[in-house]
Every structure is written in C-alpha cells, then in structure tokens.
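> Input structure: target-v8.csv, which contains CSV, C-alpha atoms.
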chain,number,residue,atom,x,y,z
A,16,MET,CA,-7.5,-17.9,23.3
A,17,THR,CA,-8.4,-18.7,19.7
A,18,VAL,CA,-7.6,-16.2,17.0
A,19,ARG,CA,-8.6,-16.1,13.4
A,20,LEU,CA,-6.0,-17.9,11.3
A,21,GLN,CA,-5.3,-15.0,8.9
A,22,LYS,CA,-4.6,-12.7,11.8
A,23,ILE,CA,-2.1,-15.2,13.3
A,24,LEU,CA,-0.3,-15.5,9.9
A,25,SER,CA,-0.3,-11.7,9.7
A,26,GLN,CA,1.0,-11.1,13.3
A,27,TRP,CA,3.7,-13.7,12.8
A,28,GLY,CA,5.0,-12.0,9.7
A,29,ILE,CA,4.1,-14.8,7.3
A,30,ALA,CA,1.9,-12.6,5.0
A,31,SER,CA,-0.5,-9.7,5.0
A,32,ARG,CA,-4.0,-10.6,6.1
A,33,ARG,CA,-5.3,-10.4,2.5
A,34,ARG,CA,-2.4,-12.6,1.3
A,35,ALA,CA,-3.0,-15.0,4.3
A,36,GLU,CA,-6.6,-15.4,3.2
A,37,GLN,CA,-5.4,-16.3,-0.3
A,38,LEU,CA,-3.1,-18.9,1.1
A,39,ILE,CA,-5.9,-20.4,3.1
A,40,LEU,CA,-8.3,-20.5,0.1
A,41,ALA,CA,-5.6,-22.2,-1.9
A,42,GLY,CA,-5.3,-25.0,0.6
A,43,ARG,CA,-1.7,-24.1,1.5
A,44,VAL,CA,-2.4,-23.8,5.2
A,45,ARG,CA,-3.0,-26.7,7.7
A,46,VAL,CA,-4.0,-26.7,11.3
A,47,ASN,CA,-3.2,-29.8,13.3
A,48,GLY,CA,-2.7,-31.7,10.0
A,49,GLU,CA,-6.1,-30.6,8.5
A,50,VAL,CA,-6.5,-28.2,5.6
A,51,ALA,CA,-7.6,-24.9,7.0
A,52,ARG,CA,-10.7,-23.1,5.9
A,53,LEU,CA,-11.3,-19.3,5.6
A,54,GLY,CA,-12.6,-17.9,8.9
A,55,GLN,CA,-11.2,-20.7,11.0
A,56,THR,CA,-9.7,-19.9,14.4
A,57,ALA,CA,-6.7,-21.5,16.1
A,58,GLU,CA,-4.9,-21.4,19.4
A,59,PRO,CA,-1.5,-19.9,18.6
A,60,THR,CA,0.3,-21.4,21.6
A,61,THR,CA,-0.9,-25.0,21.2
A,62,ASP,CA,-2.1,-25.7,17.6
A,63,ARG,CA,0.3,-26.9,15.0
A,64,ILE,CA,0.1,-24.5,12.0
A,65,GLU,CA,1.8,-25.2,8.7
A,66,VAL,CA,2.2,-23.2,5.5
A,67,ASP,CA,3.2,-25.2,2.5
A,68,GLY,CA,4.2,-28.0,4.8
A,69,LYS,CA,6.5,-25.8,6.9
A,70,LEU,CA,5.7,-25.6,10.6
A,71,ILE,CA,5.5,-22.0,11.8
A,72,ALA,CA,5.6,-20.6,15.3
A,73,GLU,CA,5.5,-17.2,16.9
A,74,GLN,CA,9.1,-17.5,18.1
A,75,SER,CA,10.3,-18.0,14.5
A,76,ARG,CA,8.8,-14.7,13.3
A,77,PRO,CA,11.3,-12.7,11.4
A,78,GLU,CA,12.5,-9.3,12.5
A,79,PRO,CA,10.0,-6.7,11.3
A,80,ILE,CA,11.1,-4.8,8.2
A,81,TYR,CA,9.8,-1.4,7.1
A,82,LEU,CA,11.0,0.1,3.8
A,83,LEU,CA,10.2,3.1,1.7
A,84,LEU,CA,10.6,2.5,-2.1
A,85,ASN,CA,10.5,5.1,-4.9
A,86,LYS,CA,8.7,2.9,-7.4
A,87,PRO,CA,9.5,3.4,-11.1
A,88,VAL,CA,7.0,3.4,-13.9
A,89,GLY,CA,6.6,0.0,-15.5
A,90,VAL,CA,6.9,-2.0,-12.2
A,91,VAL,CA,3.9,-3.7,-10.6
A,92,SER,CA,3.1,-3.4,-6.9
A,93,THR,CA,2.9,-7.1,-6.2
A,94,CYS,CA,5.1,-9.9,-5.0
A,95,PHE,CA,4.5,-12.0,-8.1
A,96,ASP,CA,3.1,-11.2,-11.5
A,97,PRO,CA,1.6,-14.0,-13.7
A,98,GLN,CA,2.3,-11.9,-16.8
A,99,GLY,CA,6.0,-11.9,-16.0
A,100,ARG,CA,6.3,-8.1,-15.5
A,101,SER,CA,8.9,-6.7,-13.1
A,102,THR,CA,7.7,-6.5,-9.5
A,103,VAL,CA,8.7,-4.2,-6.6
A,104,LEU,CA,10.4,-7.1,-4.8
A,105,GLU,CA,12.8,-7.4,-7.7
A,106,LEU,CA,14.1,-3.9,-6.8
A,107,LEU,CA,15.3,-5.2,-3.4
A,108,PRO,CA,18.6,-7.0,-2.7
A,109,PRO,CA,18.3,-10.8,-2.2
A,110,GLN,CA,18.6,-10.6,1.6
A,111,LEU,CA,15.5,-8.5,1.7
A,112,ARG,CA,13.6,-10.0,-1.2
A,113,GLU,CA,13.8,-13.4,0.3
A,114,CYS,CA,12.6,-12.3,3.8
A,115,GLU,CA,9.5,-14.2,4.6
A,116,GLY,CA,6.3,-12.2,4.3
A,117,ILE,CA,7.6,-8.9,2.9
A,118,HIS,CA,5.0,-7.3,0.7
A,119,PRO,CA,3.9,-3.9,-0.6
A,120,VAL,CA,1.4,-1.9,1.5
A,121,GLY,CA,-1.4,-1.1,-0.9
A,122,ARG,CA,-0.9,-0.5,-4.6
A,123,LEU,CA,0.6,2.1,-7.0
A,124,ASP,CA,-0.4,1.3,-10.5
A,125,ILE,CA,2.1,0.3,-13.2
A,126,ASP,CA,2.0,3.6,-15.0
A,127,SER,CA,2.7,5.6,-11.8
A,128,SER,CA,5.8,6.2,-9.8
A,129,GLY,CA,6.7,7.2,-6.3
A,130,ALA,CA,6.4,6.4,-2.6
A,131,LEU,CA,5.4,2.8,-1.7
A,132,LEU,CA,5.8,1.1,1.7
A,133,LEU,CA,7.0,-2.5,2.0
A,134,THR,CA,6.9,-4.5,5.2
A,135,ASN,CA,6.5,-8.0,6.7
A,136,ASP,CA,4.3,-6.5,9.5
A,137,GLY,CA,0.8,-7.7,8.6
A,138,ASP,CA,-0.8,-5.7,11.4
A,139,LEU,CA,0.6,-2.5,10.1
A,140,THR,CA,-0.5,-3.3,6.5
A,141,PHE,CA,-4.0,-4.0,7.8
A,142,ARG,CA,-4.1,-0.7,9.7
A,143,LEU,CA,-2.9,1.4,6.7
A,144,THR,CA,-5.2,-0.2,4.2
A,145,HIS,CA,-8.4,-0.4,6.2
A,146,PRO,CA,-11.1,2.1,5.1
A,147,ARG,CA,-11.7,3.4,8.6
A,148,HIS,CA,-8.1,4.8,8.8
A,149,SER,CA,-7.5,8.1,6.9
A,150,ILE,CA,-3.8,8.0,6.0
A,151,GLY,CA,-3.2,10.9,3.7
A,152,LYS,CA,-1.3,10.2,0.4
A,153,THR,CA,0.1,13.1,-1.6
A,154,TYR,CA,0.6,13.1,-5.4
A,155,ALA,CA,2.2,15.3,-7.9
A,156,VAL,CA,0.1,15.0,-11.0
A,157,TRP,CA,0.5,16.5,-14.5
A,158,VAL,CA,-2.8,16.7,-16.3
A,159,GLN,CA,-3.7,17.8,-19.8
A,160,GLY,CA,-5.1,21.3,-20.2
A,161,ARG,CA,-5.8,24.0,-17.6
A,162,PRO,CA,-8.7,23.0,-15.2
A,163,THR,CA,-11.1,25.8,-14.4
A,164,SER,CA,-12.0,26.8,-10.9
A,165,ALA,CA,-15.3,25.0,-11.2
A,166,THR,CA,-13.6,21.8,-12.3
A,167,LEU,CA,-11.1,22.0,-9.4
A,168,ALA,CA,-14.0,22.6,-6.9
A,169,ALA,CA,-15.8,19.5,-8.2
A,170,TRP,CA,-12.7,17.5,-7.8
A,171,ARG,CA,-12.2,18.7,-4.3
A,172,ASN,CA,-15.9,18.0,-3.3
A,173,GLY,CA,-16.1,14.6,-4.7
A,174,ILE,CA,-16.9,12.9,-8.1
A,175,ASP,CA,-19.3,10.0,-8.8
A,176,LEU,CA,-17.3,6.9,-9.7
A,177,ASP,CA,-19.3,3.8,-10.3
A,178,GLY,CA,-22.3,5.1,-8.3
A,179,ARG,CA,-20.3,6.2,-5.3
A,180,TYR,CA,-18.8,9.6,-4.6
A,181,THR,CA,-15.1,10.0,-3.9
A,182,LEU,CA,-14.2,11.5,-0.5
A,183,PRO,CA,-13.2,15.2,-0.4
A,184,ALA,CA,-9.7,15.8,-1.6
A,185,ARG,CA,-7.1,18.6,-1.4
A,186,VAL,CA,-6.3,19.7,-5.0
A,187,THR,CA,-3.9,22.6,-5.4
A,188,VAL,CA,-2.5,24.1,-8.6
A,189,ILE,CA,1.3,24.2,-8.4
A,190,LYS,CA,2.2,25.2,-12.0
A,191,GLN,CA,0.5,25.8,-15.3
A,192,GLN,CA,1.8,25.7,-18.8
A,193,PRO,CA,-0.1,26.4,-22.0
A,194,ASP,CA,-1.2,22.8,-22.5
A,195,ARG,CA,-0.8,21.2,-19.1
A,196,THR,CA,-1.1,21.8,-15.3
A,197,LEU,CA,0.8,20.4,-12.3
A,198,LEU,CA,-1.5,19.6,-9.4
A,199,GLU,CA,-0.8,18.5,-5.8
A,200,ILE,CA,-3.5,16.1,-4.8
A,201,VAL,CA,-4.0,14.7,-1.3
A,202,LEU,CA,-6.3,11.7,-0.9
A,203,VAL,CA,-7.5,9.9,2.2
A,204,GLU,CA,-8.9,6.9,0.2
A,205,GLY,CA,-7.4,4.6,-2.4
A,206,ARG,CA,-9.9,3.4,-4.9
A,207,ASN,CA,-8.5,1.7,-8.0
A,208,ARG,CA,-6.8,4.2,-10.3
A,209,GLN,CA,-8.9,6.9,-8.6
A,210,ILE,CA,-6.9,10.0,-9.7
A,211,ARG,CA,-6.7,8.8,-13.3
A,212,ARG,CA,-10.4,8.0,-13.5
A,213,VAL,CA,-11.5,11.3,-12.0
A,214,ALA,CA,-9.1,13.3,-14.2
A,215,ALA,CA,-10.4,11.6,-17.3
A,216,GLN,CA,-14.0,12.1,-16.2
A,217,LEU,CA,-13.3,15.8,-15.8
A,218,ALA,CA,-11.7,15.9,-19.3
A,219,HIS,CA,-8.1,16.5,-18.0
A,220,PRO,CA,-6.4,13.1,-18.5
A,221,VAL,CA,-3.3,12.4,-16.4
A,222,ILE,CA,0.0,12.8,-18.2
A,223,HIS,CA,2.2,11.7,-15.3
A,224,LEU,CA,1.4,10.7,-11.7
A,225,HIS,CA,4.0,10.5,-8.9
A,226,ARG,CA,3.3,9.8,-5.2
A,227,THR,CA,5.5,12.0,-3.1
A,228,ARG,CA,4.3,11.3,0.4
A,229,ILE,CA,2.5,8.7,2.6
A,230,GLY,CA,1.3,10.3,5.8
A,231,ASN,CA,4.4,12.3,6.8
A,232,ILE,CA,6.8,10.0,5.1
A,233,CYS,CA,8.3,11.7,2.1
A,234,ILE,CA,10.6,10.5,-0.7
A,235,ASP,CA,11.8,14.1,-1.5
A,236,GLY,CA,13.6,16.7,0.6
A,237,ALA,CA,16.5,16.0,2.9
A,238,ARG,CA,16.1,12.2,2.5
A,239,SER,CA,15.4,12.2,-1.2
A,240,LEU,CA,15.2,8.8,-2.8
A,241,PRO,CA,16.2,8.2,-6.5
A,242,ILE,CA,13.7,6.3,-8.6
A,243,GLY,CA,14.1,2.6,-8.0
A,244,SER,CA,15.9,3.1,-4.7
A,245,TYR,CA,14.7,2.2,-1.2
A,246,ARG,CA,15.5,3.0,2.4
A,247,HIS,CA,14.6,1.7,5.8
A,248,LEU,CA,12.1,3.8,7.7
A,249,GLN,CA,13.4,5.6,10.8
A,250,ILE,CA,12.0,4.6,14.2
A,251,THR,CA,10.0,7.9,14.4
A,252,GLU,CA,8.4,7.2,11.0
A,253,ILE,CA,7.4,3.7,12.1
A,254,HIS,CA,5.9,5.0,15.3
A,255,THR,CA,4.0,7.7,13.5
A,256,LEU,CA,2.3,5.0,11.3
A,257,GLN,CA,1.7,2.7,14.2
A,258,PHE,CA,0.6,4.9,17.1
A,259,THR,CA,-0.7,8.2,15.9
A,260,GLY,CA,-4.4,8.8,15.6
A,261,ASP,CA,-6.6,7.7,12.7
A,262,ARG,CA,-5.6,10.6,10.5
A,263,VAL,CA,-2.0,11.2,9.3
A,264,GLU,CA,-1.6,14.1,6.9
Just give me the structure of the file as structure tokens.

Amino acid sequence: MTVRLQKILSQWGIASRRRAEQLILAGRVRVNGEVARLGQTAEPTTDRIEVDGKLIAEQSRPEPIYLLLNKPVGVVSTCFDPQGRSTVLELLPPQLRECEGIHPVGRLDIDSSGALLLTNDGDLTFRLTHPRHSIGKTYAVWVQGRPTSATLAAWRNGIDLDGRYTLPARVTVIKQQPDRTLLEIVLVEGRNRQIRRVAAQLAHPVIHLHRTRIGNICIDGARSLPIGSYRHLQITEIHTLQFTGDRVE
C-alpha cells in the first residue's frame, strides 16, 4: 500500500512531517533514483527511498526518544538557526543531539522559557501540533500593571488577533504587586506569540513568560528541572500523550 512520502519519513523517525516536507521541497529526497515531489506516495516495503543520498529503511529506524527540556531565555526552538543563535539541540549531549530526526515539538519563542518536548517520533509531533487536538499548555506569566476583572474576562473569552478570535483560555490571577501581576494561563491553541500579543493588545505587556506544563507533563514539582536541563519522559507520560483522548489538561 502506498503512503505519502512525508508520512513515511515521519514514521521512520527521519524528521517531523513538516521537516520532511521541507526536505522534499529542497530536492533532498529521492524515490527509486528520482527526485521526489511534495505529495508523492511510495510503497514503504518495495520502493528505494533516499535522503541526502543515504538509503533509509523501516528496519533502520532509531529507537524513539522522548525528552522534556526546560528551555532558557535566549535559545531558539529549532534544530538549526541561520542567524547563528543557540538552539535547543545544543543543550543536549552529543549522543542525543546527533540522533537522527530529533526535533522540538512546536515552538517556544526566544524570549520565553520553560517546558518543551523533543522527540524523533514524527507521528507524535503531528498529533500534538495538529489543530484538531486540544493539548493544554500552562504558562506562568508576569504582566505589567493590574488587569481588571473586565480585562481578564475578555482574555478568557477570546481576543481578535488578525481577524480571528483566540479560543477561550483559562486565566487565573496568582499574585499581584503594585506594578505587576502574575497570571496562570492555560491555552489549547498555539498561535505565534499569542500570549504576548494578547497581553499587549490589552495594555498589559508581558514581563516574563514561562511554560510550566504540557498536558499533564510538568517541569516543576517532584521532578523539577533546572533551566537548561532535560529528562527522558516516563512511560506513563508518553502513553498519556499518545493514547488519551483529544484533550489533555
């Protein structure tokens, strides 16, 4: 049975589906000696598939790796940065950094810190980043000023960003100081710099943003991770991401 090429590369741990599409568009993938095209299908058991001239096969798929990283501020959530900035892969030891296909799941902007998943399981990446799946992500956010009840209600109900309203969010006041407020925010979507943009639109710019939890996987508590450190996910945590329903909060 033929399968889309980017799905094969994802399932075999070569790259996430998005990254696999980029490899195909760059002409780095060949099927039976011919340069592949985006949307092309292949027969995994009989077709000869190459990436950068290297023959790949299902039996050569690396062991799946699932990591939780506490990303520092100033590090980008990519495998490579053309501007030469530090990437999350540089925080891993060589034996993990050089594993084929390992990549961050989604993004956490350069000015933010906290929980970030890394894996070479392309199917899991696809599931966790697809819009139809509601994987709750929890943030501790310091904002300027003291938002009013009306402002918090607007944030919870949804704000118009670029002509499209954000989905409802959980926004809870944790602590207030004379010039700033600590909020806990839970989102089930991940639009680009969403919290920062909403906060600025509501006249309470973000001072500091730290992601504390992805689904039920937490960087604090009993298994607290120092900034810049990582750990392997436990089997129960992996199963939660893979096999629970469409909403993990």
> To one decimal place in Å, what is the distance between atom CA of Gln209 of chain A and atom CA of Leu139 of chain A?
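So the answer is 23.0 Å.
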> How many Å separate atom CA of Tyr81 of chain A from atom CA of Gly129 of chain A?
16.2 Å
> Quick one: of A:Val88, A:Val221, A:Ile210, A:Ile229, who's nearest to Arg171 of chain A, counting only C-alpha atoms?
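Looking only at the distances to Arg171 of chain A, the closest residue turns out to be A:Ile210.
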> Which of these, A:Glu49, A:Glu252, A:Glu105, A:Asp67, has the shortest distance to Pro87 of chain A once you count only C-alpha atoms?
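Of the candidates, the smallest distance to Pro87 of chain A is held by A:Glu105.
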> Calculate how many Å separate atom CA of Gln37 of chain A from atom CA of Thr134 of chain A, rounding to one decimal.
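Atom CA of Thr134 of chain A lies 17.9 Å from atom CA of Gln37 of chain A.
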> Residues within 8 Å of Ser31 of chain A, please, as a short mmCIF file (atom, residue, chain, number, x, y, z; two decimals) with C-alpha atoms, keeping the file's coordinate frame. Count only C-alpha atoms; anything in the same chain fewer than 5 positions from it doesn't count.

data_model
loop_
_atom_site.label_atom_id
_atom_site.label_comp_id
_atom_site.auth_asym_id
_atom_site.auth_seq_id
_atom_site.Cartn_x
_atom_site.Cartn_y
_atom_site.Cartn_z
CA LEU A 24 -0.30 -15.50 9.90
CA SER A 25 -0.30 -11.70 9.70
CA GLY A 116 6.30 -12.20 4.30
CA HIS A 118 5.00 -7.30 0.70
CA ASN A 135 6.50 -8.00 6.70
CA ASP A 136 4.30 -6.50 9.50
CA GLY A 137 0.80 -7.70 8.60
CA ASP A 138 -0.80 -5.70 11.40
CA THR A 140 -0.50 -3.30 6.50
CA PHE A 141 -4.00 -4.00 7.80
#
> For Pro193 of chain A, work out the shell of residues within 10 Å, counting all atoms listed in the file and skipping chain neighbours fewer than 5 positions away, then give it as a ChimeraX atom specification.
/A:159-161
> Kindly indicate which residue among A:Cys233, A:Leu104, A:Val156, A:Leu176 lies nearest to Arg212 of chain A, using all atoms listed in the file for the distances.
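Checking each of A:Cys233, A:Leu104, A:Val156, A:Leu176 against Arg212 of chain A, counting all atoms listed in the file, the winner is A:Leu176.
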